[in-house]
$ cat work_0.txt   # compact mmCIF, C-alpha atoms
# COMPACT_ATOMS: atom_id res chain seq x y z
CA MET A 224 106.26 37.69 -21.27
CA ASP A 225 105.70 38.01 -25.01
CA PRO A 226 101.97 37.53 -25.68
CA ALA A 227 102.75 36.32 -29.20
CA ALA A 228 104.59 33.37 -27.70
CA ALA A 229 101.61 32.31 -25.55
CA PRO A 230 100.08 29.02 -26.73
CA ALA A 231 96.67 29.26 -28.42
CA PRO A 232 93.86 28.20 -26.08
CA PRO A 233 92.50 24.70 -26.75
CA VAL A 234 89.39 24.43 -28.90
CA ILE A 235 87.97 21.77 -26.58
CA GLU A 236 88.59 21.40 -22.87
CA LEU A 237 86.51 18.82 -21.01
CA THR A 238 87.14 17.91 -17.39
CA ASP A 239 85.53 14.92 -15.68
CA VAL A 240 82.41 15.21 -17.83
CA VAL A 241 79.33 13.10 -17.14
CA ALA A 242 76.44 13.00 -19.63
CA VAL A 243 73.41 10.88 -18.82
CA LEU A 244 71.00 9.82 -21.56
CA GLY A 245 67.80 8.66 -19.89
CA ASP A 246 69.20 6.55 -17.04
CA PHE A 247 72.36 5.57 -18.92
CA PRO A 248 75.62 7.43 -18.23
CA ALA A 249 76.91 7.62 -21.83
CA LEU A 250 79.91 9.64 -20.64
CA ALA A 251 81.23 8.81 -17.16
CA GLY A 252 84.03 11.13 -16.12
CA ALA A 253 85.55 11.90 -19.53
CA SER A 254 88.36 14.45 -19.85
CA LEU A 255 89.79 15.71 -23.14
CA THR A 256 91.81 18.62 -24.49
CA VAL A 257 92.00 19.32 -28.23
CA ALA A 258 94.27 21.98 -29.76
CA ARG A 259 93.40 24.08 -32.82
CA GLY A 260 94.21 22.40 -36.15
CA GLU A 261 94.30 18.86 -34.73
CA ILE A 262 92.61 15.92 -36.42
CA LEU A 263 91.62 13.72 -33.50
CA LEU A 264 90.41 10.14 -33.97
CA LEU A 265 87.95 8.70 -31.44
CA GLN A 266 88.09 4.91 -31.48
CA GLY A 267 86.17 2.44 -29.41
CA PRO A 268 83.42 -0.18 -29.51
CA ASN A 269 79.76 0.57 -30.26
CA GLY A 270 77.99 2.17 -27.32
CA ALA A 271 81.24 3.40 -25.76
CA GLY A 272 80.14 7.05 -25.89
CA LYS A 273 81.81 8.35 -29.10
CA THR A 274 78.64 9.78 -30.64
CA THR A 275 77.52 11.23 -27.30
CA LEU A 276 80.91 12.90 -26.96
CA LEU A 277 80.52 14.47 -30.41
CA ARG A 278 76.97 15.61 -29.64
CA LEU A 279 78.09 17.02 -26.30
CA CYS A 280 80.84 19.03 -28.03
CA ALA A 281 78.19 20.26 -30.50
CA GLY A 282 76.03 21.55 -27.63
CA LEU A 283 73.25 19.05 -28.37
CA VAL A 284 73.67 16.93 -25.23
CA PRO A 285 73.72 18.73 -21.85
CA LEU A 286 76.46 18.20 -19.27
CA THR A 287 75.15 16.36 -16.25
CA ARG A 288 78.36 16.96 -14.28
CA GLY A 289 81.89 18.23 -14.84
CA THR A 290 83.06 21.25 -16.79
CA GLY A 291 83.52 21.84 -20.49
CA GLU A 292 84.47 24.58 -22.90
CA VAL A 293 84.27 24.53 -26.69
CA ALA A 294 85.74 27.36 -28.78
CA GLY A 295 86.01 29.37 -25.57
CA TYR A 296 82.33 29.00 -24.61
CA ASP A 297 81.05 27.19 -21.55
CA LEU A 298 79.05 24.07 -22.40
CA THR A 299 76.81 24.54 -19.37
CA ILE A 300 75.71 28.13 -19.86
CA ASP A 301 76.47 29.01 -23.48
CA ARG A 302 75.44 26.08 -25.65
CA GLU A 303 73.86 28.32 -28.28
CA ALA A 304 77.18 30.13 -28.84
CA VAL A 305 78.97 26.77 -29.02
CA ARG A 306 76.55 25.54 -31.67
CA ARG A 307 77.23 28.49 -33.96
CA ARG A 308 80.93 27.56 -34.12
CA VAL A 309 80.58 23.82 -34.58
CA GLY A 310 79.62 21.61 -37.49
CA LEU A 311 78.35 18.09 -36.78
CA LEU A 312 78.20 15.58 -39.59
CA GLY A 313 76.74 12.33 -38.36
CA HIS A 314 75.39 9.32 -40.19
CA GLN A 315 73.18 11.78 -42.07
CA ASN A 316 74.26 14.79 -44.10
CA GLY A 317 71.65 17.37 -43.03
CA LEU A 318 70.76 18.20 -46.63
CA TYR A 319 67.47 18.80 -48.44
CA ARG A 320 67.21 16.24 -51.23
CA ASP A 321 64.81 18.28 -53.39
CA LEU A 322 67.10 21.32 -53.39
CA THR A 323 70.19 21.68 -55.57
CA VAL A 324 73.76 21.68 -54.27
CA ALA A 325 73.91 25.48 -54.62
CA GLU A 326 70.59 25.97 -52.82
CA ASN A 327 71.68 23.74 -49.94
CA VAL A 328 75.05 25.43 -49.49
CA HIS A 329 73.44 28.85 -49.86
CA PHE A 330 70.82 28.02 -47.22
CA TRP A 331 73.36 26.88 -44.63
CA GLY A 332 75.74 29.72 -45.47
CA ALA A 333 72.93 32.25 -45.12
CA THR A 334 72.36 31.10 -41.52
CA VAL A 335 75.62 32.91 -40.64
CA GLY A 336 75.33 35.65 -43.26
CA ALA A 337 77.93 34.16 -45.65
CA THR A 338 78.43 36.12 -48.86
CA ALA A 339 77.85 34.73 -52.36
CA THR A 340 81.63 34.69 -52.86
CA GLU A 341 82.16 32.62 -49.70
CA ILE A 342 79.44 30.20 -50.78
CA SER A 343 80.90 29.76 -54.27
CA ALA A 344 84.37 29.31 -52.78
CA ALA A 345 83.06 26.65 -50.38
CA MET A 346 81.54 24.68 -53.26
CA GLU A 347 84.68 24.94 -55.36
CA ARG A 348 86.90 23.95 -52.45
CA LEU A 349 84.88 20.80 -51.81
CA GLY A 350 84.64 19.90 -55.50
CA VAL A 351 80.89 20.37 -55.84
CA GLY A 352 81.04 23.53 -57.91
CA GLY A 353 80.81 23.72 -61.69
CA ARG A 354 78.42 21.23 -63.28
CA LEU A 355 77.13 19.95 -59.93
CA VAL A 356 75.77 23.22 -58.53
CA ASP A 357 72.35 22.90 -60.14
CA VAL A 358 71.93 19.17 -59.52
CA PRO A 359 69.35 18.21 -56.86
CA VAL A 360 71.10 16.58 -53.88
CA GLY A 361 68.84 13.53 -54.19
CA LYS A 362 70.49 12.73 -57.52
CA LEU A 363 74.09 12.87 -56.24
CA SER A 364 76.27 9.90 -55.32
CA ALA A 365 76.95 9.23 -51.61
CA GLY A 366 80.42 10.77 -51.91
CA GLN A 367 79.11 13.90 -53.62
CA ARG A 368 76.43 14.29 -50.95
CA ARG A 369 79.06 14.03 -48.22
CA ARG A 370 81.21 16.64 -49.94
CA THR A 371 78.16 18.89 -50.29
CA ALA A 372 77.56 18.53 -46.55
CA LEU A 373 81.19 19.51 -45.89
CA ALA A 374 80.78 22.50 -48.23
CA CYS A 375 77.84 23.54 -46.03
CA LEU A 376 80.13 23.36 -42.96
CA VAL A 377 82.69 25.57 -44.72
CA ALA A 378 79.98 28.00 -45.87
CA ARG A 379 78.71 28.42 -42.34
CA ARG A 380 82.23 29.03 -41.06
CA ALA A 381 82.37 26.12 -38.61
CA GLU A 382 85.65 26.17 -36.64
CA LEU A 383 85.23 22.70 -35.19
CA TRP A 384 84.15 19.77 -37.40
CA LEU A 385 82.68 16.79 -35.59
CA LEU A 386 82.42 13.83 -37.94
CA ASP A 387 80.72 10.57 -37.00
CA GLU A 388 81.79 7.69 -39.29
CA PRO A 389 82.50 10.06 -42.18
CA HIS A 390 83.75 7.28 -44.48
CA ALA A 391 80.62 5.15 -44.12
CA GLY A 392 78.89 4.42 -47.43
CA LEU A 393 81.66 5.94 -49.57
CA ASP A 394 83.62 4.12 -52.28
CA ALA A 395 87.44 4.09 -52.31
CA ASP A 396 87.79 7.18 -54.51
CA ALA A 397 85.30 9.16 -52.44
CA ARG A 398 87.14 8.15 -49.24
CA ASP A 399 90.43 9.38 -50.66
CA GLU A 400 88.79 12.65 -51.71
CA LEU A 401 87.28 13.05 -48.26
CA ASP A 402 90.64 12.48 -46.52
CA HIS A 403 92.30 14.99 -48.81
CA THR A 404 89.54 17.52 -48.05
CA LEU A 405 89.85 17.01 -44.29
CA ARG A 406 93.63 17.44 -44.35
CA GLN A 407 93.20 20.65 -46.33
CA ALA A 408 90.58 21.91 -43.90
CA ALA A 409 92.83 21.20 -40.90
CA HIS A 410 95.70 22.93 -42.67
CA ALA A 411 93.41 25.93 -43.17
CA GLY A 412 92.77 26.09 -39.42
CA ALA A 413 89.75 23.85 -38.80
CA THR A 414 89.86 21.46 -35.86
CA ILE A 415 88.45 18.05 -36.72
CA ILE A 416 87.28 15.18 -34.53
CA VAL A 417 86.48 11.92 -36.27
CA ALA A 418 84.67 8.99 -34.65
CA SER A 419 85.33 5.89 -36.69
CA HIS A 420 85.60 2.14 -36.68
CA GLU A 421 87.80 2.22 -39.78
CA LEU A 422 91.01 2.51 -37.84
CA ASP A 423 93.47 2.02 -40.70
CA ARG A 424 92.03 4.83 -42.79
CA ALA A 425 91.03 7.21 -40.01
CA GLY A 426 94.23 6.47 -38.08
CA ALA A 427 96.33 7.52 -41.08
CA LEU A 428 94.31 10.73 -41.30
CA ALA A 429 94.48 11.62 -37.60
CA THR A 430 97.22 13.59 -35.87
CA ARG A 431 96.21 12.04 -32.53
CA THR A 432 94.07 9.11 -31.37
CA VAL A 433 92.12 8.49 -28.17
CA ASP A 434 90.19 5.45 -26.98
CA VAL A 435 86.61 5.95 -25.80
CA ILE A 436 85.70 3.03 -23.57
CA ALA A 437 82.69 2.83 -21.24
CA GLY A 438 82.20 6.58 -21.32
CA GLN A 439 85.80 7.41 -20.48
CA ILE A 440 88.66 8.70 -22.63
CA ARG A 441 92.18 7.26 -22.69
CA GLU A 442 95.06 8.65 -24.69
CA VAL A 443 96.62 6.24 -27.18
CA ALA A 444 100.40 6.35 -27.28
CA ALA A 445 101.70 7.71 -30.61
CA MET B 277 66.13 33.83 -40.51
CA SER B 278 62.40 32.99 -40.46
CA VAL B 279 62.09 34.30 -44.01
CA LEU B 280 65.03 32.11 -45.07
CA ILE B 281 63.44 29.01 -43.55
CA ALA B 282 59.98 29.76 -44.97
CA ALA B 283 61.47 30.39 -48.43
CA LYS B 284 63.43 27.12 -48.20
CA ASP B 285 60.31 25.14 -47.25
CA LEU B 286 58.28 26.67 -50.08
CA ARG B 287 61.11 26.00 -52.55
CA VAL B 288 61.25 22.36 -51.43
CA GLU B 289 57.50 22.15 -51.96
CA ARG B 290 57.72 23.78 -55.39
CA ARG B 291 60.29 21.17 -56.42
CA SER B 292 58.61 18.12 -54.90
CA ARG B 293 55.03 19.18 -55.75
CA VAL B 294 53.64 17.16 -52.86
CA VAL B 295 50.91 19.74 -52.15
CA THR B 296 49.78 20.03 -55.74
CA ASN B 297 50.08 16.34 -56.64
CA GLN B 298 48.99 14.72 -53.38
CA VAL B 299 47.48 17.03 -50.75
CA LEU B 300 45.16 18.99 -53.05
CA PRO B 301 43.77 15.82 -54.69
CA PHE B 302 43.37 14.29 -51.21
CA ALA B 303 41.40 17.34 -50.04
CA GLY B 304 39.32 17.28 -53.22
CA VAL B 305 38.52 13.59 -52.86
CA THR B 306 37.52 14.20 -49.23
CA MET B 307 35.06 16.87 -50.32
CA VAL B 308 33.59 14.57 -52.98
CA ILE B 309 33.26 11.71 -50.49
CA PHE B 310 31.44 14.00 -48.07
CA ALA B 311 29.06 14.77 -50.93
CA PHE B 312 28.44 11.05 -51.50
CA ALA B 313 27.96 10.35 -47.80
CA LEU B 314 25.56 13.26 -47.22
CA ASP B 315 23.69 12.84 -50.47
CA LYS B 316 20.95 15.39 -49.83
CA GLU B 317 21.22 18.91 -51.14
CA THR B 318 19.65 20.53 -48.09
CA VAL B 319 21.99 18.68 -45.74
CA LEU B 320 25.06 19.52 -47.82
CA GLU B 321 24.13 23.20 -47.96
CA GLN B 322 23.73 23.27 -44.19
CA VAL B 323 26.97 21.50 -43.32
CA ALA B 324 29.21 22.82 -46.11
CA PRO B 325 31.21 25.24 -43.88
CA GLY B 326 31.98 22.42 -41.44
CA LEU B 327 33.01 20.12 -44.27
CA ILE B 328 35.43 22.74 -45.60
CA TRP B 329 37.16 22.88 -42.23
CA LEU B 330 37.11 19.12 -41.70
CA ALA B 331 38.83 18.66 -45.06
CA THR B 332 41.28 21.40 -44.04
CA MET B 333 42.09 19.63 -40.75
CA PHE B 334 42.74 16.30 -42.45
CA SER B 335 44.94 17.99 -45.04
CA LEU B 336 46.74 19.86 -42.26
CA LEU B 337 47.91 16.53 -40.84
CA VAL B 338 49.41 15.54 -44.19
CA LEU B 339 51.07 18.94 -44.62
CA VAL B 340 52.59 18.88 -41.13
CA GLN B 341 53.93 15.34 -41.60
CA ARG B 342 55.52 16.49 -44.85
CA ALA B 343 56.92 19.73 -43.34
CA PHE B 344 58.86 17.76 -40.73
CA ALA B 345 59.68 14.78 -42.96
CA ILE B 346 61.89 17.05 -45.10
CA GLU B 347 63.79 18.01 -41.93
CA ALA B 348 64.04 14.45 -40.58
CA ASP B 349 64.92 12.69 -43.88
CA ASP B 350 68.61 13.57 -43.72
CA GLY B 351 68.92 14.98 -40.20
CA ALA B 352 68.53 18.64 -41.24
CA ILE B 353 66.67 19.65 -38.07
CA ASP B 354 69.66 18.52 -35.97
CA THR B 355 72.00 20.38 -38.29
CA MET B 356 69.86 23.48 -37.92
CA ARG B 357 70.07 23.29 -34.14
CA VAL B 358 73.83 22.67 -34.28
CA ALA B 359 74.13 25.67 -36.59
CA GLY B 360 72.70 27.74 -33.75
CA VAL B 361 69.58 28.70 -35.68
CA ASP B 362 67.17 30.21 -33.17
CA ALA B 363 64.33 27.78 -32.44
CA ARG B 364 61.83 30.65 -32.59
CA ALA B 365 62.99 31.43 -36.12
CA ILE B 366 62.56 27.77 -37.08
CA PHE B 367 59.05 27.79 -35.58
CA VAL B 368 57.99 31.03 -37.30
CA GLY B 369 59.59 30.08 -40.62
CA LYS B 370 57.97 26.66 -40.76
CA ALA B 371 54.61 28.06 -39.57
CA VAL B 372 54.64 30.75 -42.27
CA ALA B 373 55.41 28.20 -45.02
CA LEU B 374 52.70 25.89 -43.66
CA ALA B 375 50.22 28.79 -43.51
CA ALA B 376 50.92 29.74 -47.13
CA GLN B 377 50.23 26.16 -48.28
CA LEU B 378 47.13 25.87 -46.08
CA LEU B 379 45.73 29.14 -47.36
CA ALA B 380 46.07 28.04 -50.98
CA LEU B 381 44.37 24.77 -50.05
CA GLU B 382 41.50 26.54 -48.27
CA VAL B 383 40.81 28.74 -51.29
CA VAL B 384 40.49 25.62 -53.43
CA LEU B 385 38.22 23.99 -50.83
CA VAL B 386 35.92 27.04 -50.72
CA LEU B 387 35.72 26.97 -54.53
CA LEU B 388 34.92 23.24 -54.39
CA ALA B 389 32.19 23.92 -51.83
CA ILE B 390 30.69 26.51 -54.18
CA VAL B 391 30.70 24.01 -57.04
CA LEU B 392 29.88 20.75 -55.24
CA TYR B 393 27.67 21.97 -52.39
CA ARG B 394 26.01 24.91 -54.22
CA GLN B 395 27.32 27.53 -51.81
CA THR B 396 27.22 31.25 -52.62
CA VAL B 397 29.32 34.03 -51.14
CA PRO B 398 27.25 37.19 -50.62
CA MET B 399 29.16 40.44 -51.12
CA ASP B 400 28.73 41.51 -47.48
CA GLY B 401 30.26 38.22 -46.34
CA VAL B 402 33.49 38.44 -48.34
CA VAL B 403 35.46 40.41 -45.72
CA LEU B 404 34.36 38.05 -42.96
CA LEU B 405 35.21 35.01 -45.08
CA VAL B 406 38.68 36.27 -45.98
CA THR B 407 39.42 37.35 -42.40
CA THR B 408 38.28 33.97 -41.09
CA LEU B 409 40.47 32.10 -43.56
CA LEU B 410 43.51 34.21 -42.63
CA VAL B 411 43.10 34.06 -38.86
CA ALA B 412 42.10 30.38 -38.71
CA THR B 413 45.09 29.54 -40.93
CA CYS B 414 47.46 31.28 -38.52
CA GLY B 415 46.09 29.23 -35.63
CA LEU B 416 46.20 25.95 -37.54
CA ALA B 417 49.73 26.58 -38.79
CA SER B 418 50.94 27.39 -35.25
CA VAL B 419 49.38 24.27 -33.73
CA GLY B 420 50.59 22.12 -36.62
CA THR B 421 54.16 23.39 -36.35
CA LEU B 422 54.27 23.03 -32.58
CA TYR B 423 52.98 19.46 -32.48
CA GLY B 424 54.79 18.53 -35.70
CA GLY B 425 58.06 19.49 -33.99
CA LEU B 426 57.09 17.57 -30.87
CA ALA B 427 56.17 14.43 -32.79
CA ALA B 428 59.08 14.64 -35.25
CA GLY B 429 61.57 12.88 -33.01
CA VAL B 430 59.15 10.36 -31.54
CA LYS B 431 58.64 6.75 -32.55
CA GLY B 432 55.17 6.30 -34.07
CA ARG B 433 54.90 9.97 -35.03
CA GLU B 434 52.47 9.22 -37.88
CA THR B 435 49.82 8.06 -35.43
CA LEU B 436 50.78 10.40 -32.61
CA LEU B 437 50.38 13.57 -34.65
CA PRO B 438 46.60 13.27 -35.27
CA LEU B 439 46.08 12.41 -31.60
CA LEU B 440 47.85 15.61 -30.58
CA VAL B 441 46.63 17.96 -33.28
CA LEU B 442 42.95 17.15 -33.74
CA PRO B 443 41.84 17.83 -30.13
CA ALA B 444 43.97 20.99 -30.05
CA VAL B 445 42.40 22.44 -33.20
CA ALA B 446 38.80 21.72 -32.11
CA PRO B 447 38.28 25.40 -31.13
CA VAL B 448 39.38 26.43 -34.66
CA LEU B 449 37.02 23.88 -36.20
CA ILE B 450 34.10 25.27 -34.18
CA GLY B 451 34.97 28.96 -34.49
CA ALA B 452 35.89 28.89 -38.17
CA THR B 453 32.82 26.83 -39.06
CA ARG B 454 30.49 29.30 -37.32
CA ALA B 455 32.24 32.30 -38.86
CA VAL B 456 32.09 30.82 -42.38
CA GLU B 457 28.41 29.94 -41.86
CA SER B 458 27.82 33.61 -41.12
CA ALA B 459 29.88 34.73 -44.11
CA LEU B 460 27.99 32.41 -46.47
CA GLY B 461 24.60 33.03 -44.84
CA THR B 462 24.13 29.30 -44.15
CA VAL B 463 20.73 28.45 -42.57
CA GLY B 464 19.88 32.11 -42.05
CA ALA B 465 23.09 33.14 -40.25
CA VAL B 466 24.02 36.80 -40.60
CA VAL B 467 27.47 38.34 -41.03
CA SER B 468 27.46 40.15 -37.68
CA ASP B 469 27.14 36.76 -35.89
CA GLY B 470 30.50 35.70 -37.31
CA TRP B 471 32.79 38.38 -35.89
CA PRO B 472 32.77 37.15 -32.26
CA TRP B 473 33.95 33.77 -33.60
CA VAL B 474 36.77 35.56 -35.43
CA GLY B 475 37.71 37.02 -32.04
CA LEU B 476 38.01 33.50 -30.65
CA LEU B 477 40.19 32.52 -33.62
CA VAL B 478 42.44 35.54 -33.00
CA VAL B 479 42.91 34.59 -29.33
CA PHE B 480 43.69 31.00 -30.36
CA ALA B 481 46.19 32.07 -33.03
CA VAL B 482 47.99 34.47 -30.67
CA ALA B 483 48.08 31.91 -27.83
CA PHE B 484 49.53 29.13 -29.98
CA GLY B 485 51.76 31.52 -31.95
CA VAL B 486 53.40 32.96 -28.83
CA GLY B 487 53.30 29.75 -26.79
CA GLY B 488 54.58 27.70 -29.71
CA SER B 489 57.53 29.97 -30.40
CA LEU B 490 58.55 29.79 -26.73
CA ALA B 491 58.06 26.02 -26.36
CA PHE B 492 59.47 24.93 -29.71
CA GLY B 493 63.19 25.06 -28.75
CA PRO B 494 62.98 22.77 -25.71
CA LEU B 495 60.64 20.43 -27.63
CA ILE B 496 62.96 19.84 -30.58
CA ASP B 497 66.04 19.71 -28.33
CA GLU B 498 64.44 16.80 -26.49
$ encode --input "work_0.txt" --output "structure tokens"
Amino acid sequence: MDPAAAPAPPVIELTDVVAVLGDFPALAGASLTVARGEILLLQGPNGAGKTTLLRLCAGLVPLTRGTGEVAGYDLTIDREAVRRRVGLLGHQNGLYRDLTVAENVHFWGATVGATATEISAAMERLGVGGRLVDVPVGKLSAGQRRRTALACLVARRAELWLLDEPHAGLDADARDELDHTLRQAAHAGATIIVASHELDRAGALATRTVDVIAGQIREVAA
Amino acid sequence: MSVLIAAKDLRVERRSRVVTNQVLPFAGVTMVIFAFALDKETVLEQVAPGLIWLATMFSLLVLVQRAFAIEADDGAIDTMRVAGVDARAIFVGKAVALAAQLLALEVVLVLLAIVLYRQTVPMDGVVLLVTTLLVATCGLASVGTLYGGLAAGVKGRETLLPLLVLPAVAPVLIGATRAVESALGTVGAVVSDGWPWVGLLVVFAVAFGVGGSLAFGPLIDE
């Protein structure tokens, strides 16, 4: 058998996963496989388990039962290795408001030893280079802050982007810019999972959609 | 990584000027109020070392709240954990930055005590005074970082932090006060009396430094 013809291993492989937060089973037997380069949309009502699923894939929420692998690392025994390969962008951006765009991207890039060239390229790619580099993040618009946060993900070489309501708080232009950026990132090899209530916009962006309902995952027919 | 985190914290402080514009004036006002409350020269001279450390403890609470507020404001602490940054590096980096700010504050408080409370520093007490400031600062910064991390994700953290920190730093308050009394020659104390107290401060700093770096990861993950 030609090894070159073998399919690439999935970036995410969850089987019958249970994650309990306090006494509440936020995920109750969820299974999911995500291939490299996919943009997957998670849709479902509030409290269905979308955010918990993202945090589980980021190695922040432990598995209570079931098996899971992210980027080839076991979610039960190797969460630290998982975390180094994943970028989670939730309702917050994870930025320091008193630092400039360049200082923020440099800080997060330096956590993985990114070079100055990589950091500059990340800022340029996300459109926060040039005149914005020396602007404190606290003075940026919501869209610019979100793009700075994505530049930080690029700078720290995240293979898997987990985005929770990424369009929230952005105006129409910023949403278009964000979608364009995410498509480019997926084209460049990043795998992206988006949890969103904005089904029209996120649905147009996604290459595949799943329903998350009561802690379980159901494939939506294309 | 610790150096990166400490440098980032100190850069944030340099930009925001919270220590210089808020914490230092707060500590100064505290020292002046002590002078009003204990309006007798002999009393002030006797209790000056204790007042220096009481003002330091109160300021420590403000500094710790601030150190973790910059992480919590935009979810940076979560991002740091997702980025796979070692929790021990976060602990050491934040403790070093906190120690640097505390040390600067303590120098100002000692100078204020010299001016307001008519303290003098005999030449043979300088080494003991400097050693006490350094070692006590290490202990305070370790305790502050440990409990700051614990309280950061908890509802009511502003009121919880003093409840956790103040009892824990009581040994530093006692040991550092006695050692500074010996360094300044307060009420007939001699320099040689102070060194055993420095020993206590060393044990405290090592215990909380090592224990804190081990416990910090599970605490912030919770």
$ residues_near_point --input "work_0.txt" --point "(37.4, 28.0, -37.0)" --cutoff "9 Å" --atoms "all atoms listed in the file" --output "list in words"
Gly326, Trp329, Thr408, Leu409, Val411, Ala412, Thr413, Gly415, Val445, Ala446, Pro447, Val448, Leu449, Ile450, Gly451, Ala452, Thr453, Arg454, Ala455, Val456, Trp473, Val474, Leu476 and Leu477 of chain B
$ closest_residue --input "work_0.txt" --among "A:Thr238, A:Asn269, A:Ser254, A:Asn316" --to "chain B" --atoms "all atoms listed in the file"
A:Asn316
$ interface_residues --input "work_0.txt" --of "chain B" --to "chain A" --cutoff "9 Å" --atoms "all atoms listed in the file" --output "VMD selection string"
chain B and resid 277 280 to 281 284 287 to 289 291 to 292 346 to 362 497
$ closest_residue --input "work_0.txt" --among "B:Ala363, B:Val402, B:Leu337, B:Ile309" --to "Leu436 of chain B" --atoms "all atoms listed in the file"
B:Leu337
$ residues_around --input "work_0.txt" --residues "Arg431 of chain A" --least-positions-apart "2" --cutoff "7 Å" --atoms "all atoms listed in the file" --output "list in words"
Ile262, Leu263, Leu264, Ala429 and Val433 of chain A
$ decode --input "work_0.txt" --residues "segment 352-411 of chain B" --atoms "C-alpha atoms" --output "PDB file, in the first residue's frame"
ATOM      1  CA  ALA B 352      -5.596  35.965  29.320  1.00  0.00           C
ATOM      2  CA  ILE B 353      -5.008  33.440  32.108  1.00  0.00           C
ATOM      3  CA  ASP B 354      -7.193  30.898  30.259  1.00  0.00           C
ATOM      4  CA  THR B 355      -5.352  31.658  27.042  1.00  0.00           C
ATOM      5  CA  MET B 356      -2.053  31.123  28.824  1.00  0.00           C
ATOM      6  CA  ARG B 357      -3.176  27.716  30.061  1.00  0.00           C
ATOM      7  CA  VAL B 358      -4.503  26.787  26.608  1.00  0.00           C
ATOM      8  CA  ALA B 359      -1.172  27.873  25.154  1.00  0.00           C
ATOM      9  CA  GLY B 360       0.408  25.184  27.310  1.00  0.00           C
ATOM     10  CA  VAL B 361       2.428  27.659  29.371  1.00  0.00           C
ATOM     11  CA  ASP B 362       3.755  25.754  32.368  1.00  0.00           C
ATOM     12  CA  ALA B 363       1.856  26.755  35.511  1.00  0.00           C
ATOM     13  CA  ARG B 364       5.133  26.860  37.455  1.00  0.00           C
ATOM     14  CA  ALA B 365       6.472  29.419  34.985  1.00  0.00           C
ATOM     15  CA  ILE B 366       3.315  31.500  35.415  1.00  0.00           C
ATOM     16  CA  PHE B 367       3.701  31.313  39.204  1.00  0.00           C
ATOM     17  CA  VAL B 368       7.396  32.242  39.198  1.00  0.00           C
ATOM     18  CA  GLY B 369       6.957  34.977  36.580  1.00  0.00           C
ATOM     19  CA  LYS B 370       4.081  36.642  38.385  1.00  0.00           C
ATOM     20  CA  ALA B 371       5.809  36.274  41.777  1.00  0.00           C
ATOM     21  CA  VAL B 372       9.002  37.891  40.453  1.00  0.00           C
ATOM     22  CA  ALA B 373       7.077  40.854  38.990  1.00  0.00           C
ATOM     23  CA  LEU B 374       5.118  41.211  42.237  1.00  0.00           C
ATOM     24  CA  ALA B 375       8.341  41.039  44.272  1.00  0.00           C
ATOM     25  CA  ALA B 376       9.959  43.774  42.175  1.00  0.00           C
ATOM     26  CA  GLN B 377       6.983  46.088  42.762  1.00  0.00           C
ATOM     27  CA  LEU B 378       6.817  45.224  46.469  1.00  0.00           C
ATOM     28  CA  LEU B 379      10.516  45.860  46.940  1.00  0.00           C
ATOM     29  CA  ALA B 380      10.255  49.326  45.385  1.00  0.00           C
ATOM     30  CA  LEU B 381       7.283  50.015  47.643  1.00  0.00           C
ATOM     31  CA  GLU B 382       9.124  48.841  50.771  1.00  0.00           C
ATOM     32  CA  VAL B 383      12.078  51.123  50.047  1.00  0.00           C
ATOM     33  CA  VAL B 384       9.685  54.073  49.867  1.00  0.00           C
ATOM     34  CA  LEU B 385       7.988  52.970  53.111  1.00  0.00           C
ATOM     35  CA  VAL B 386      11.331  52.729  54.947  1.00  0.00           C
ATOM     36  CA  LEU B 387      12.216  56.229  53.715  1.00  0.00           C
ATOM     37  CA  LEU B 388       8.805  57.472  54.895  1.00  0.00           C
ATOM     38  CA  ALA B 389       9.400  55.877  58.292  1.00  0.00           C
ATOM     39  CA  ILE B 390      12.726  57.712  58.531  1.00  0.00           C
ATOM     40  CA  VAL B 391      11.025  61.016  57.707  1.00  0.00           C
ATOM     41  CA  LEU B 392       7.680  60.632  59.488  1.00  0.00           C
ATOM     42  CA  TYR B 393       8.613  58.441  62.455  1.00  0.00           C
ATOM     43  CA  ARG B 394      12.175  59.762  62.991  1.00  0.00           C
ATOM     44  CA  GLN B 395      13.819  56.401  62.407  1.00  0.00           C
ATOM     45  CA  THR B 396      17.561  56.053  61.808  1.00  0.00           C
ATOM     46  CA  VAL B 397      19.421  53.218  60.132  1.00  0.00           C
ATOM     47  CA  PRO B 398      22.723  52.496  61.898  1.00  0.00           C
ATOM     48  CA  MET B 399      25.539  51.355  59.600  1.00  0.00           C
ATOM     49  CA  ASP B 400      25.775  47.918  61.246  1.00  0.00           C
ATOM     50  CA  GLY B 401      22.072  47.362  60.609  1.00  0.00           C
ATOM     51  CA  VAL B 402      22.092  48.021  56.867  1.00  0.00           C
ATOM     52  CA  VAL B 403      22.930  44.448  55.818  1.00  0.00           C
ATOM     53  CA  LEU B 404      20.258  43.025  58.112  1.00  0.00           C
ATOM     54  CA  LEU B 405      17.701  45.551  56.861  1.00  0.00           C
ATOM     55  CA  VAL B 406      18.407  44.841  53.192  1.00  0.00           C
ATOM     56  CA  THR B 407      18.420  41.064  53.736  1.00  0.00           C
ATOM     57  CA  THR B 408      15.134  41.265  55.631  1.00  0.00           C
ATOM     58  CA  LEU B 409      13.496  43.311  52.891  1.00  0.00           C
ATOM     59  CA  LEU B 410      14.656  40.853  50.207  1.00  0.00           C
ATOM     60  CA  VAL B 411      13.698  37.649  52.013  1.00  0.00           C
TER      61      VAL B 411
END
